[in-house]
Structure formats: C-alpha cells, structure tokens
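File shown here: input-v8.pdb, holding PDB, C-alpha atoms (C1' of nucleotides).
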ATOM      1  CA  MET A   1     -12.915 -20.762 -11.891  1.00  0.00           C
ATOM      2  CA  LEU A   2     -13.157 -17.266 -10.420  1.00  0.00           C
ATOM      3  CA  GLU A   3     -11.953 -15.924 -13.779  1.00  0.00           C
ATOM      4  CA  GLU A   4     -15.374 -15.084 -15.186  1.00  0.00           C
ATOM      5  CA  LYS A   5     -16.341 -13.142 -12.125  1.00  0.00           C
ATOM      6  CA  VAL A   6     -13.011 -11.470 -11.584  1.00  0.00           C
ATOM      7  CA  GLU A   7     -14.201  -8.004 -12.606  1.00  0.00           C
ATOM      8  CA  ALA A   8     -17.216  -8.086 -10.306  1.00  0.00           C
ATOM      9  CA  VAL A   9     -15.376  -9.555  -7.331  1.00  0.00           C
ATOM     10  CA  SER A  10     -12.445  -7.153  -7.610  1.00  0.00           C
ATOM     11  CA  ALA A  11     -14.857  -4.214  -7.819  1.00  0.00           C
ATOM     12  CA  LEU A  12     -16.542  -5.423  -4.650  1.00  0.00           C
ATOM     13  CA  LEU A  13     -13.231  -5.896  -2.873  1.00  0.00           C
ATOM     14  CA  LYS A  14     -12.106  -2.471  -3.984  1.00  0.00           C
ATOM     15  CA  SER A  15     -15.207  -0.948  -2.439  1.00  0.00           C
ATOM     16  CA  ILE A  16     -14.361  -2.429   0.950  1.00  0.00           C
ATOM     17  CA  SER A  17     -10.578  -1.864   0.691  1.00  0.00           C
ATOM     18  CA  HIS A  18     -10.451   1.435   2.477  1.00  0.00           C
ATOM     19  CA  PRO A  19      -9.949   1.801   6.217  1.00  0.00           C
ATOM     20  CA  THR A  20     -13.005   3.978   6.689  1.00  0.00           C
ATOM     21  CA  ARG A  21     -15.246   1.746   4.629  1.00  0.00           C
ATOM     22  CA  LEU A  22     -13.997  -1.430   6.282  1.00  0.00           C
ATOM     23  CA  MET A  23     -14.606   0.209   9.620  1.00  0.00           C
ATOM     24  CA  ILE A  24     -18.142   1.105   8.566  1.00  0.00           C
ATOM     25  CA  LEU A  25     -18.813  -2.526   7.736  1.00  0.00           C
ATOM     26  CA  CYS A  26     -17.459  -3.640  11.108  1.00  0.00           C
ATOM     27  CA  GLN A  27     -19.806  -1.199  12.759  1.00  0.00           C
ATOM     28  CA  LEU A  28     -22.753  -2.515  10.780  1.00  0.00           C
ATOM     29  CA  GLN A  29     -22.060  -6.119  11.731  1.00  0.00           C
ATOM     30  CA  ASP A  30     -24.263  -5.893  14.756  1.00  0.00           C
ATOM     31  CA  GLY A  31     -27.098  -3.933  13.176  1.00  0.00           C
ATOM     32  CA  ALA A  32     -28.091  -0.825  11.263  1.00  0.00           C
ATOM     33  CA  LYS A  33     -26.642   2.572  12.117  1.00  0.00           C
ATOM     34  CA  THR A  34     -27.343   6.132  11.010  1.00  0.00           C
ATOM     35  CA  VAL A  35     -24.835   8.344   9.266  1.00  0.00           C
ATOM     36  CA  GLY A  36     -24.478  10.406  12.412  1.00  0.00           C
ATOM     37  CA  GLU A  37     -23.766   7.356  14.554  1.00  0.00           C
ATOM     38  CA  LEU A  38     -21.110   6.188  12.113  1.00  0.00           C
ATOM     39  CA  GLN A  39     -19.586   9.639  11.987  1.00  0.00           C
ATOM     40  CA  GLN A  40     -19.273   9.702  15.753  1.00  0.00           C
ATOM     41  CA  VAL A  41     -17.576   6.322  15.968  1.00  0.00           C
ATOM     42  CA  LEU A  42     -15.288   6.966  13.012  1.00  0.00           C
ATOM     43  CA  GLN A  43     -14.238  10.410  14.162  1.00  0.00           C
ATOM     44  CA  THR A  44     -14.477  11.983  10.738  1.00  0.00           C
ATOM     45  CA  THR A  45     -16.677  14.444   8.885  1.00  0.00           C
ATOM     46  CA  GLN A  46     -20.276  13.921   7.838  1.00  0.00           C
ATOM     47  CA  ALA A  47     -19.407  14.432   4.181  1.00  0.00           C
ATOM     48  CA  ASN A  48     -16.718  11.811   4.404  1.00  0.00           C
ATOM     49  CA  VAL A  49     -19.032   9.189   5.868  1.00  0.00           C
ATOM     50  CA  SER A  50     -21.699  10.046   3.337  1.00  0.00           C
ATOM     51  CA  GLN A  51     -19.313   9.712   0.425  1.00  0.00           C
ATOM     52  CA  HIS A  52     -17.986   6.368   1.589  1.00  0.00           C
ATOM     53  CA  LEU A  53     -21.531   5.103   2.108  1.00  0.00           C
ATOM     54  CA  THR A  54     -22.332   6.114  -1.466  1.00  0.00           C
ATOM     55  CA  ILE A  55     -19.451   3.958  -2.678  1.00  0.00           C
ATOM     56  CA  LEU A  56     -20.573   1.007  -0.561  1.00  0.00           C
ATOM     57  CA  ARG A  57     -24.165   1.343  -1.802  1.00  0.00           C
ATOM     58  CA  SER A  58     -23.007   1.444  -5.406  1.00  0.00           C
ATOM     59  CA  GLN A  59     -21.695  -2.095  -4.942  1.00  0.00           C
ATOM     60  CA  GLY A  60     -24.720  -3.303  -3.003  1.00  0.00           C
ATOM     61  CA  VAL A  61     -22.520  -3.789   0.033  1.00  0.00           C
ATOM     62  CA  VAL A  62     -24.647  -1.463   2.129  1.00  0.00           C
ATOM     63  CA  SER A  63     -28.353  -0.781   1.818  1.00  0.00           C
ATOM     64  CA  SER A  64     -30.167   2.106   3.423  1.00  0.00           C
ATOM     65  CA  ARG A  65     -33.655   2.981   4.498  1.00  0.00           C
ATOM     66  CA  LYS A  66     -34.881   6.436   5.329  1.00  0.00           C
ATOM     67  CA  GLU A  67     -36.974   6.973   8.415  1.00  0.00           C
ATOM     68  CA  ALA A  68     -37.953  10.512   9.361  1.00  0.00           C
ATOM     69  CA  ASN A  69     -34.768  12.404   8.614  1.00  0.00           C
ATOM     70  CA  PHE A  70     -32.453   9.634   9.650  1.00  0.00           C
ATOM     71  CA  ILE A  71     -30.982   7.160   7.215  1.00  0.00           C
ATOM     72  CA  TYR A  72     -30.349   3.710   8.607  1.00  0.00           C
ATOM     73  CA  ASN A  73     -27.580   1.795   6.920  1.00  0.00           C
ATOM     74  CA  ARG A  74     -27.028  -1.921   7.072  1.00  0.00           C
ATOM     75  CA  ILE A  75     -24.984  -4.572   5.312  1.00  0.00           C
ATOM     76  CA  GLY A  76     -26.932  -5.265   2.146  1.00  0.00           C
ATOM     77  CA  ASP A  77     -25.563  -8.632   1.148  1.00  0.00           C
ATOM     78  CA  GLN A  78     -25.332 -11.715   3.332  1.00  0.00           C
ATOM     79  CA  ARG A  79     -22.188 -12.778   1.517  1.00  0.00           C
ATOM     80  CA  VAL A  80     -20.457  -9.572   2.539  1.00  0.00           C
ATOM     81  CA  LEU A  81     -21.281 -10.280   6.158  1.00  0.00           C
ATOM     82  CA  THR A  82     -19.753 -13.720   5.761  1.00  0.00           C
ATOM     83  CA  LEU A  83     -16.708 -12.154   4.162  1.00  0.00           C
ATOM     84  CA  ILE A  84     -16.223  -9.690   7.011  1.00  0.00           C
ATOM     85  CA  ASN A  85     -16.536 -12.522   9.510  1.00  0.00           C
ATOM     86  CA  THR A  86     -13.946 -14.507   7.595  1.00  0.00           C
ATOM     87  CA  LEU A  87     -11.567 -11.549   7.561  1.00  0.00           C
ATOM     88  CA  GLN A  88     -11.899 -11.231  11.309  1.00  0.00           C
ATOM     89  CA  ASP A  89     -11.342 -14.946  11.824  1.00  0.00           C
ATOM     90  CA  LEU A  90      -8.255 -14.895   9.635  1.00  0.00           C
ATOM     91  CA  PHE A  91      -6.603 -11.620  10.555  1.00  0.00           C
ATOM     92  CA  CYS A  92      -7.825 -10.781  14.042  1.00  0.00           C
ATOM     93  CA  GLN A  93      -7.083 -14.113  15.700  1.00  0.00           C
TER      94      GLN A  93
ATOM     95  CA  MET B   1     -12.885  -6.107  17.007  1.00  0.00           C
ATOM     96  CA  LEU B   2     -11.354  -5.678  13.584  1.00  0.00           C
ATOM     97  CA  GLU B   3     -10.853  -2.010  14.405  1.00  0.00           C
ATOM     98  CA  GLU B   4      -7.247  -2.272  15.528  1.00  0.00           C
ATOM     99  CA  LYS B   5      -6.231  -4.136  12.431  1.00  0.00           C
ATOM    100  CA  VAL B   6      -8.282  -2.105  10.009  1.00  0.00           C
ATOM    101  CA  GLU B   7      -5.316  -0.389   8.393  1.00  0.00           C
ATOM    102  CA  ALA B   8      -3.446  -3.622   7.771  1.00  0.00           C
ATOM    103  CA  VAL B   9      -6.464  -5.564   6.552  1.00  0.00           C
ATOM    104  CA  SER B  10      -7.624  -2.821   4.204  1.00  0.00           C
ATOM    105  CA  ALA B  11      -4.111  -2.541   2.775  1.00  0.00           C
ATOM    106  CA  LEU B  12      -4.106  -6.254   2.129  1.00  0.00           C
ATOM    107  CA  LEU B  13      -7.539  -6.130   0.517  1.00  0.00           C
ATOM    108  CA  LYS B  14      -6.481  -3.197  -1.600  1.00  0.00           C
ATOM    109  CA  SER B  15      -3.542  -5.177  -2.908  1.00  0.00           C
ATOM    110  CA  ILE B  16      -5.835  -7.942  -4.152  1.00  0.00           C
ATOM    111  CA  SER B  17      -8.632  -5.634  -5.360  1.00  0.00           C
ATOM    112  CA  HIS B  18      -7.529  -5.375  -8.932  1.00  0.00           C
ATOM    113  CA  PRO B  19      -8.725  -7.689 -11.680  1.00  0.00           C
ATOM    114  CA  THR B  20      -5.220  -8.583 -12.803  1.00  0.00           C
ATOM    115  CA  ARG B  21      -3.945  -9.186  -9.287  1.00  0.00           C
ATOM    116  CA  LEU B  22      -6.982 -11.239  -8.301  1.00  0.00           C
ATOM    117  CA  MET B  23      -6.508 -13.269 -11.450  1.00  0.00           C
ATOM    118  CA  ILE B  24      -2.858 -13.832 -10.557  1.00  0.00           C
ATOM    119  CA  LEU B  25      -3.911 -15.225  -7.186  1.00  0.00           C
ATOM    120  CA  CYS B  26      -6.437 -17.523  -8.833  1.00  0.00           C
ATOM    121  CA  GLN B  27      -3.694 -18.803 -11.088  1.00  0.00           C
ATOM    122  CA  LEU B  28      -1.423 -19.424  -8.123  1.00  0.00           C
ATOM    123  CA  GLN B  29      -4.037 -21.420  -6.241  1.00  0.00           C
ATOM    124  CA  ASP B  30      -2.847 -24.663  -7.725  1.00  0.00           C
ATOM    125  CA  GLY B  31       0.862 -24.004  -7.508  1.00  0.00           C
ATOM    126  CA  ALA B  32       3.708 -21.665  -8.348  1.00  0.00           C
ATOM    127  CA  LYS B  33       3.982 -20.024 -11.733  1.00  0.00           C
ATOM    128  CA  THR B  34       6.616 -17.948 -13.493  1.00  0.00           C
ATOM    129  CA  VAL B  35       6.066 -14.405 -14.670  1.00  0.00           C
ATOM    130  CA  GLY B  36       6.007 -15.597 -18.261  1.00  0.00           C
ATOM    131  CA  GLU B  37       3.351 -18.206 -17.535  1.00  0.00           C
ATOM    132  CA  LEU B  38       1.215 -15.614 -15.816  1.00  0.00           C
ATOM    133  CA  GLN B  39       1.700 -13.166 -18.648  1.00  0.00           C
ATOM    134  CA  GLN B  40       0.506 -15.750 -21.142  1.00  0.00           C
ATOM    135  CA  VAL B  41      -2.642 -16.619 -19.208  1.00  0.00           C
ATOM    136  CA  LEU B  42      -3.462 -13.008 -18.390  1.00  0.00           C
ATOM    137  CA  GLN B  43      -2.908 -11.737 -21.904  1.00  0.00           C
ATOM    138  CA  THR B  44      -1.086  -8.610 -20.854  1.00  0.00           C
ATOM    139  CA  THR B  45       2.420  -7.194 -20.972  1.00  0.00           C
ATOM    140  CA  GLN B  46       5.395  -8.444 -19.000  1.00  0.00           C
ATOM    141  CA  ALA B  47       5.865  -5.093 -17.310  1.00  0.00           C
ATOM    142  CA  ASN B  48       2.285  -5.146 -16.187  1.00  0.00           C
ATOM    143  CA  VAL B  49       2.545  -8.593 -14.594  1.00  0.00           C
ATOM    144  CA  SER B  50       5.830  -7.649 -12.988  1.00  0.00           C
ATOM    145  CA  GLN B  51       4.426  -4.474 -11.475  1.00  0.00           C
ATOM    146  CA  HIS B  52       1.374  -6.219 -10.107  1.00  0.00           C
ATOM    147  CA  LEU B  53       3.553  -8.940  -8.602  1.00  0.00           C
ATOM    148  CA  THR B  54       5.630  -6.251  -6.913  1.00  0.00           C
ATOM    149  CA  ILE B  55       2.477  -4.898  -5.285  1.00  0.00           C
ATOM    150  CA  LEU B  56       1.394  -8.355  -4.149  1.00  0.00           C
ATOM    151  CA  ARG B  57       4.852  -9.088  -2.723  1.00  0.00           C
ATOM    152  CA  SER B  58       4.863  -5.818  -0.829  1.00  0.00           C
ATOM    153  CA  GLN B  59       1.901  -7.112   1.163  1.00  0.00           C
ATOM    154  CA  GLY B  60       3.313 -10.602   1.585  1.00  0.00           C
ATOM    155  CA  VAL B  61       0.472 -11.962  -0.505  1.00  0.00           C
ATOM    156  CA  VAL B  62       2.856 -13.501  -2.999  1.00  0.00           C
ATOM    157  CA  SER B  63       6.337 -14.812  -2.380  1.00  0.00           C
ATOM    158  CA  SER B  64       8.869 -15.645  -5.043  1.00  0.00           C
ATOM    159  CA  ARG B  65      11.891 -17.822  -5.430  1.00  0.00           C
ATOM    160  CA  LYS B  66      14.413 -17.504  -8.163  1.00  0.00           C
ATOM    161  CA  GLU B  67      15.563 -20.611  -9.946  1.00  0.00           C
ATOM    162  CA  ALA B  68      17.913 -20.208 -12.858  1.00  0.00           C
ATOM    163  CA  ASN B  69      16.471 -17.174 -14.555  1.00  0.00           C
ATOM    164  CA  PHE B  70      12.892 -17.966 -13.791  1.00  0.00           C
ATOM    165  CA  ILE B  71      11.087 -16.558 -10.854  1.00  0.00           C
ATOM    166  CA  TYR B  72       8.476 -18.824  -9.398  1.00  0.00           C
ATOM    167  CA  ASN B  73       5.675 -17.035  -7.637  1.00  0.00           C
ATOM    168  CA  ARG B  74       3.321 -18.557  -5.146  1.00  0.00           C
ATOM    169  CA  ILE B  75       0.784 -17.446  -2.621  1.00  0.00           C
ATOM    170  CA  GLY B  76       2.843 -16.395   0.365  1.00  0.00           C
ATOM    171  CA  ASP B  77       0.288 -16.523   3.134  1.00  0.00           C
ATOM    172  CA  GLN B  78      -1.983 -19.402   3.984  1.00  0.00           C
ATOM    173  CA  ARG B  79      -4.662 -16.980   5.107  1.00  0.00           C
ATOM    174  CA  VAL B  80      -4.752 -15.395   1.666  1.00  0.00           C
ATOM    175  CA  LEU B  81      -5.341 -18.801   0.138  1.00  0.00           C
ATOM    176  CA  THR B  82      -8.229 -19.308   2.533  1.00  0.00           C
ATOM    177  CA  LEU B  83      -9.560 -15.889   1.622  1.00  0.00           C
ATOM    178  CA  ILE B  84      -9.456 -16.643  -2.108  1.00  0.00           C
ATOM    179  CA  ASN B  85     -11.236 -19.922  -1.508  1.00  0.00           C
ATOM    180  CA  THR B  86     -13.896 -18.102   0.501  1.00  0.00           C
ATOM    181  CA  LEU B  87     -14.382 -15.541  -2.268  1.00  0.00           C
ATOM    182  CA  GLN B  88     -14.891 -18.336  -4.758  1.00  0.00           C
ATOM    183  CA  ASP B  89     -17.334 -20.134  -2.488  1.00  0.00           C
ATOM    184  CA  LEU B  90     -19.306 -16.962  -1.936  1.00  0.00           C
ATOM    185  CA  PHE B  91     -19.276 -15.304  -5.335  1.00  0.00           C
ATOM    186  CA  CYS B  92     -18.743 -18.127  -7.820  1.00  0.00           C
ATOM    187  CA  GLN B  93     -21.369 -20.549  -6.519  1.00  0.00           C
TER     188      GLN B  93
ATOM    189  C1'  DT C   1      33.503 -13.175 -22.056  1.00  0.00           C
ATOM    190  C1'  DA C   2      29.935 -11.887 -25.391  1.00  0.00           C
ATOM    191  C1'  DA C   3      25.191 -12.734 -26.883  1.00  0.00           C
ATOM    192  C1'  DG C   4      20.645 -13.800 -25.891  1.00  0.00           C
ATOM    193  C1'  DA C   5      16.716 -14.737 -22.888  1.00  0.00           C
ATOM    194  C1'  DA C   6      14.078 -13.726 -18.793  1.00  0.00           C
ATOM    195  C1'  DT C   7      12.964 -10.538 -15.477  1.00  0.00           C
ATOM    196  C1'  DT C   8      12.961  -6.131 -12.988  1.00  0.00           C
ATOM    197  C1'  DA C   9      13.044  -1.110 -12.664  1.00  0.00           C
ATOM    198  C1'  DT C  10      12.143   3.661 -14.115  1.00  0.00           C
ATOM    199  C1'  DA C  11       9.854   7.697 -16.298  1.00  0.00           C
ATOM    200  C1'  DG C  12       5.992   9.947 -17.852  1.00  0.00           C
ATOM    201  C1'  DT C  13       1.267  10.597 -18.818  1.00  0.00           C
ATOM    202  C1'  DA C  14      -3.512   9.648 -17.978  1.00  0.00           C
ATOM    203  C1'  DT C  15      -6.883   8.559 -14.878  1.00  0.00           C
ATOM    204  C1'  DA C  16      -8.906   7.744 -10.346  1.00  0.00           C
ATOM    205  C1'  DT C  17      -9.406   8.523  -5.478  1.00  0.00           C
ATOM    206  C1'  DT C  18      -9.528  11.070  -1.264  1.00  0.00           C
ATOM    207  C1'  DC C  19     -10.361  14.818   1.566  1.00  0.00           C
ATOM    208  C1'  DT C  20     -12.105  19.498   2.718  1.00  0.00           C
ATOM    209  C1'  DA C  21     -15.211  23.165   2.294  1.00  0.00           C
ATOM    210  C1'  DA C  22     -19.319  24.876   0.780  1.00  0.00           C
ATOM    211  C1'  DT C  23     -23.953  24.349  -0.781  1.00  0.00           C
ATOM    212  C1'  DA C  24     -28.302  21.804  -1.388  1.00  0.00           C
ATOM    213  C1'  DT C  25     -32.206  18.878  -0.017  1.00  0.00           C
ATOM    214  C1'  DA C  26     -35.571  16.943   2.955  1.00  0.00           C
ATOM    215  C1'  DA C  27     -37.985  16.205   7.172  1.00  0.00           C
ATOM    216  C1'  DT C  28     -39.070  18.099  11.708  1.00  0.00           C
ATOM    217  C1'  DT C  29     -40.197  21.330  15.032  1.00  0.00           C
ATOM    218  C1'  DA C  30     -41.072  25.922  16.895  1.00  0.00           C
TER     219       DA C  30
ATOM    220  C1'  DT D   1     -43.600  29.537   7.619  1.00  0.00           C
ATOM    221  C1'  DA D   2     -38.948  29.975   9.577  1.00  0.00           C
ATOM    222  C1'  DA D   3     -35.379  27.599  11.856  1.00  0.00           C
ATOM    223  C1'  DT D   4     -33.182  23.299  12.826  1.00  0.00           C
ATOM    224  C1'  DT D   5     -31.458  18.711  12.109  1.00  0.00           C
ATOM    225  C1'  DA D   6     -29.761  14.994   9.197  1.00  0.00           C
ATOM    226  C1'  DT D   7     -27.909  13.720   5.055  1.00  0.00           C
ATOM    227  C1'  DA D   8     -26.408  14.361   0.185  1.00  0.00           C
ATOM    228  C1'  DT D   9     -24.002  16.599  -3.452  1.00  0.00           C
ATOM    229  C1'  DT D  10     -20.620  19.348  -5.722  1.00  0.00           C
ATOM    230  C1'  DA D  11     -16.156  21.507  -6.687  1.00  0.00           C
ATOM    231  C1'  DG D  12     -11.433  21.623  -6.387  1.00  0.00           C
ATOM    232  C1'  DA D  13      -6.854  20.482  -4.845  1.00  0.00           C
ATOM    233  C1'  DA D  14      -3.700  16.835  -3.407  1.00  0.00           C
ATOM    234  C1'  DT D  15      -2.389  12.353  -3.815  1.00  0.00           C
ATOM    235  C1'  DA D  16      -2.292   7.689  -5.634  1.00  0.00           C
ATOM    236  C1'  DT D  17      -2.631   4.309  -9.247  1.00  0.00           C
ATOM    237  C1'  DA D  18      -2.303   2.185 -13.850  1.00  0.00           C
ATOM    238  C1'  DC D  19      -0.451   1.595 -18.172  1.00  0.00           C
ATOM    239  C1'  DT D  20       3.050   2.116 -21.925  1.00  0.00           C
ATOM    240  C1'  DA D  21       7.577   2.463 -23.431  1.00  0.00           C
ATOM    241  C1'  DT D  22      12.147   1.909 -22.458  1.00  0.00           C
ATOM    242  C1'  DA D  23      16.314   0.892 -19.972  1.00  0.00           C
ATOM    243  C1'  DA D  24      18.775  -2.005 -16.790  1.00  0.00           C
ATOM    244  C1'  DT D  25      19.797  -6.570 -14.494  1.00  0.00           C
ATOM    245  C1'  DT D  26      20.673 -11.212 -14.086  1.00  0.00           C
ATOM    246  C1'  DC D  27      21.580 -15.695 -15.635  1.00  0.00           C
ATOM    247  C1'  DT D  28      22.816 -19.080 -19.180  1.00  0.00           C
ATOM    248  C1'  DT D  29      25.354 -20.837 -22.760  1.00  0.00           C
ATOM    249  C1'  DA D  30      28.133 -20.683 -26.745  1.00  0.00           C
TER     250       DA D  30
END
For the structure just supplied, provide its representation as structure tokens.
Amino acid sequence: MLEEKVEAVSALLKSISHPTRLMILCQLQDGAKTVGELQQVLQTTQANVSQHLTILRSQGVVSSRKEANFIYNRIGDQRVLTLINTLQDLFCQ
Amino acid sequence: MLEEKVEAVSALLKSISHPTRLMILCQLQDGAKTVGELQQVLQTTQANVSQHLTILRSQGVVSSRKEANFIYNRIGDQRVLTLINTLQDLFCQ
DNA sequence: TAAGAATTATAGTATATTCTAATATAATTA
DNA sequence: TAATTATATTAGAATATACTATAATTCTTA
C-alpha cells in the first residue's frame, strides 16, 4: 500500500538519513533554533549547517522564518516530528 | 537523547532510504519472499535486487535463510517492521 | 558427475553527495 | 555610509552510490 508513495517517502527518509541532519532534527524537537545555535551544538562549520538545512527545507522537513538577521528553523511537518519521536522510542530505549 | 545513537540510526535510515529498498521492505511486511519473487514485483534486474538486499542485510534490516536453492528474505528486526508501519500510517493515510 | 537453474559477487562507468574554502547577501550598528 | 554579524551560495576535490554487464557459486536432478 506504500507502493504509490514510495518515491516521496524514500526522498523524505533520504533527507533525514545523515547524522548531521538527524541531529538537527533532534535539536529542533523542543523548539526553533538559529543556524548559529545549531552550529554551536553540532560542532561544525556554518556552511555545513546551512547546506544541510537547505536539504531539509527542500523536503519540507524544516521551515524557516527570518527575523532581523537571524533565521529561526523549526520542524516543518508534524508527521516528521512524530517520526523522530518514533525513532527515539524504537532505537533509544 | 537520540544524540548518542545518531550514527547508528542514520545508517539504518540510509539503508531504507531508497525506493527499491523501501519497496522490498513493503513486500516483506506480509512474509518472507525469495529474490526472484521480489525481482518480479519490483520489475528490475536480479543483480539489482541482490545488491539492495546485501545493503539491507548489512544493517540487519533483512535476514535471509537458504532453503534448497531459494533464499527467503524477511524483515530481520521487529523495530524496522514497526517503523515501516509508522511510515505507512503517517504518509499513506 | 554433468547440466541447468537460482543466486551472489565483481568490475567499471556514471552520477550524487559531502566537505572545505572562499565569496556573496542582507540586516544591524557605529 | 562603513563595519559587523548572520546566513547563503558557489566551486572544486574527495568519496560514495547506483546501475549494467558479466563471471562465479551453489544446489538440484538427470
């Protein structure tokens, strides 16, 4: 029954199947964060965070709003939040 | 809280984030299937199915038993089955 | 034990992804 | 308006992945 949606669902999964991007989503579970905040937690470069956010946005997984010269990023799809919660339930006790 | 397991979980997600591999898992939801049966449903080459199964086995997502000269493949982790069910609930109504 | 069927493995090319470094844009503040 | 801060974009090299074709295994059965 998933068959018709297989392309879309696998594209979404692919977008979250990277350690940095999965980590970003974990960070966004409890609210929006700026690029700089994510960079600090993830211990990587600004360009890296920005590029991964672009990938997540392209799938609608993350949505962003600009405020002054900060960009606040949050999980952009309730179903993705549910999915992340499920992953934690299943694979993190 | 996922943070410590991020590498493992993203590797697992990556292994199922391909249309053919996701389709294989959907096919295995209701029981074991041989490579030939999968090939027929997926409309691709034998080598292709075999390679994708190798990737799924490497993550423990699929396990296989040989019987005569057929190899029966099934979902090898109860949590993966739960995950597939969740994906269907969320993204296929 | 030889032939045939089913499955797995390997090689090579094409494509995609990731990371780093450098540059660009946009808003703020001095 | 110049300098600063935050973020985005681009280019290029390194690595990874996917697919096709082909060879190699393994098992059955004649």
Contacts of segment 21-30 of chain B within 12 Å, only C-alpha atoms (C1' of nucleotides), excl. fewer than 5 positions in-chain, as a PyMOL selection string: (chain A and resi 1-14) or (chain B and resi 12-16+35-44+48-57+61-64+72-78+80-88)
Show me a table, sorted first by chain and then by increasing residue number, of the residues of chain D having an atom at most 10 Å from chain B, each with its shortest atom pair and the distance in Å to one decimal, counting all atoms listed in the file and written as CSV.
residue,atom,partner,partner_atom,distance
D:DA18,C1',B:Asn48,CA,9.0
D:DC19,C1',B:Asn48,CA,7.5
D:DT20,C1',B:Ala47,CA,9.0
D:DA21,C1',B:Ala47,CA,9.9
D:DT26,C1',B:Asn69,CA,7.3
D:DC27,C1',B:Asn69,CA,5.4
D:DT28,C1',B:Ala68,CA,8.1
Please give chain A as a JSON list (two decimals) with C-alpha atoms, in the coordinates of the input, after it has been superposed on chain B by least squares over all Cα atoms paired in order.
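Output below, filename superposed.json:
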[["chain", "number", "residue", "atom", "x", "y", "z"],
["A", 1, "MET", "CA", -12.94, -6.07, 17.06],
["A", 2, "LEU", "CA", -11.37, -5.69, 13.62],
["A", 3, "GLU", "CA", -10.84, -2.00, 14.43],
["A", 4, "GLU", "CA", -7.23, -2.30, 15.56],
["A", 5, "LYS", "CA", -6.24, -4.16, 12.45],
["A", 6, "VAL", "CA", -8.30, -2.13, 10.04],
["A", 7, "GLU", "CA", -5.32, -0.40, 8.42],
["A", 8, "ALA", "CA", -3.45, -3.64, 7.80],
["A", 9, "VAL", "CA", -6.46, -5.58, 6.56],
["A", 10, "SER", "CA", -7.62, -2.81, 4.22],
["A", 11, "ALA", "CA", -4.10, -2.53, 2.80],
["A", 12, "LEU", "CA", -4.11, -6.26, 2.13],
["A", 13, "LEU", "CA", -7.54, -6.13, 0.53],
["A", 14, "LYS", "CA", -6.48, -3.19, -1.59],
["A", 15, "SER", "CA", -3.54, -5.19, -2.89],
["A", 16, "ILE", "CA", -5.85, -7.94, -4.14],
["A", 17, "SER", "CA", -8.63, -5.59, -5.35],
["A", 18, "HIS", "CA", -7.54, -5.35, -8.93],
["A", 19, "PRO", "CA", -8.73, -7.69, -11.67],
["A", 20, "THR", "CA", -5.23, -8.58, -12.80],
["A", 21, "ARG", "CA", -3.96, -9.19, -9.30],
["A", 22, "LEU", "CA", -7.01, -11.23, -8.31],
["A", 23, "MET", "CA", -6.53, -13.25, -11.45],
["A", 24, "ILE", "CA", -2.89, -13.84, -10.56],
["A", 25, "LEU", "CA", -3.94, -15.21, -7.19],
["A", 26, "CYS", "CA", -6.47, -17.52, -8.82],
["A", 27, "GLN", "CA", -3.73, -18.81, -11.06],
["A", 28, "LEU", "CA", -1.44, -19.42, -8.11],
["A", 29, "GLN", "CA", -4.06, -21.41, -6.22],
["A", 30, "ASP", "CA", -2.89, -24.64, -7.73],
["A", 31, "GLY", "CA", 0.83, -24.01, -7.47],
["A", 32, "ALA", "CA", 3.70, -21.68, -8.31],
["A", 33, "LYS", "CA", 3.98, -20.04, -11.71],
["A", 34, "THR", "CA", 6.62, -17.96, -13.47],
["A", 35, "VAL", "CA", 6.09, -14.42, -14.64],
["A", 36, "GLY", "CA", 6.03, -15.62, -18.22],
["A", 37, "GLU", "CA", 3.37, -18.23, -17.50],
["A", 38, "LEU", "CA", 1.21, -15.63, -15.78],
["A", 39, "GLN", "CA", 1.70, -13.20, -18.63],
["A", 40, "GLN", "CA", 0.52, -15.79, -21.11],
["A", 41, "VAL", "CA", -2.63, -16.64, -19.18],
["A", 42, "LEU", "CA", -3.45, -13.02, -18.39],
["A", 43, "GLN", "CA", -2.89, -11.78, -21.91],
["A", 44, "THR", "CA", -1.04, -8.66, -20.87],
["A", 45, "THR", "CA", 2.49, -7.28, -20.97],
["A", 46, "GLN", "CA", 5.47, -8.55, -19.01],
["A", 47, "ALA", "CA", 5.94, -5.19, -17.32],
["A", 48, "ASN", "CA", 2.34, -5.19, -16.21],
["A", 49, "VAL", "CA", 2.58, -8.62, -14.61],
["A", 50, "SER", "CA", 5.86, -7.70, -12.98],
["A", 51, "GLN", "CA", 4.45, -4.51, -11.51],
["A", 52, "HIS", "CA", 1.39, -6.23, -10.11],
["A", 53, "LEU", "CA", 3.56, -8.96, -8.61],
["A", 54, "THR", "CA", 5.64, -6.27, -6.91],
["A", 55, "ILE", "CA", 2.48, -4.91, -5.29],
["A", 56, "LEU", "CA", 1.40, -8.37, -4.16],
["A", 57, "ARG", "CA", 4.85, -9.10, -2.72],
["A", 58, "SER", "CA", 4.86, -5.82, -0.83],
["A", 59, "GLN", "CA", 1.89, -7.11, 1.16],
["A", 60, "GLY", "CA", 3.30, -10.61, 1.60],
["A", 61, "VAL", "CA", 0.46, -11.96, -0.50],
["A", 62, "VAL", "CA", 2.85, -13.52, -2.99],
["A", 63, "SER", "CA", 6.34, -14.83, -2.36],
["A", 64, "SER", "CA", 8.88, -15.61, -5.04],
["A", 65, "ARG", "CA", 11.93, -17.75, -5.47],
["A", 66, "LYS", "CA", 14.46, -17.41, -8.23],
["A", 67, "GLU", "CA", 15.67, -20.49, -10.03],
["A", 68, "ALA", "CA", 18.01, -20.07, -12.98],
["A", 69, "ASN", "CA", 16.51, -17.06, -14.72],
["A", 70, "PHE", "CA", 12.95, -17.93, -13.91],
["A", 71, "ILE", "CA", 11.11, -16.52, -10.93],
["A", 72, "TYR", "CA", 8.51, -18.80, -9.42],
["A", 73, "ASN", "CA", 5.69, -17.04, -7.65],
["A", 74, "ARG", "CA", 3.34, -18.56, -5.14],
["A", 75, "ILE", "CA", 0.77, -17.44, -2.60],
["A", 76, "GLY", "CA", 2.84, -16.40, 0.38],
["A", 77, "ASP", "CA", 0.27, -16.51, 3.14],
["A", 78, "GLN", "CA", -2.01, -19.40, 3.99],
["A", 79, "ARG", "CA", -4.69, -16.97, 5.12],
["A", 80, "VAL", "CA", -4.78, -15.40, 1.68],
["A", 81, "LEU", "CA", -5.37, -18.80, 0.14],
["A", 82, "THR", "CA", -8.25, -19.31, 2.54],
["A", 83, "LEU", "CA", -9.58, -15.89, 1.62],
["A", 84, "ILE", "CA", -9.48, -16.63, -2.11],
["A", 85, "ASN", "CA", -11.27, -19.92, -1.51],
["A", 86, "THR", "CA", -13.92, -18.11, 0.50],
["A", 87, "LEU", "CA", -14.40, -15.55, -2.26],
["A", 88, "GLN", "CA", -14.92, -18.33, -4.76],
["A", 89, "ASP", "CA", -17.37, -20.12, -2.48],
["A", 90, "LEU", "CA", -19.34, -16.94, -1.93],
["A", 91, "PHE", "CA", -19.31, -15.30, -5.34],
["A", 92, "CYS", "CA", -18.76, -18.10, -7.83],
["A", 93, "GLN", "CA", -21.47, -20.47, -6.60]]
Find the axis-aligned box for segment 51-55 of chain A, covering all its listed atoms and adding 6 Å on each side, and write its centre and edge lengths in Å to one decimal as lines of an AutoDock Vina configuration file.
center_x = -20.2
center_y = 6.8
center_z = -0.3
size_x = 16.3
size_y = 17.8
size_z = 16.8
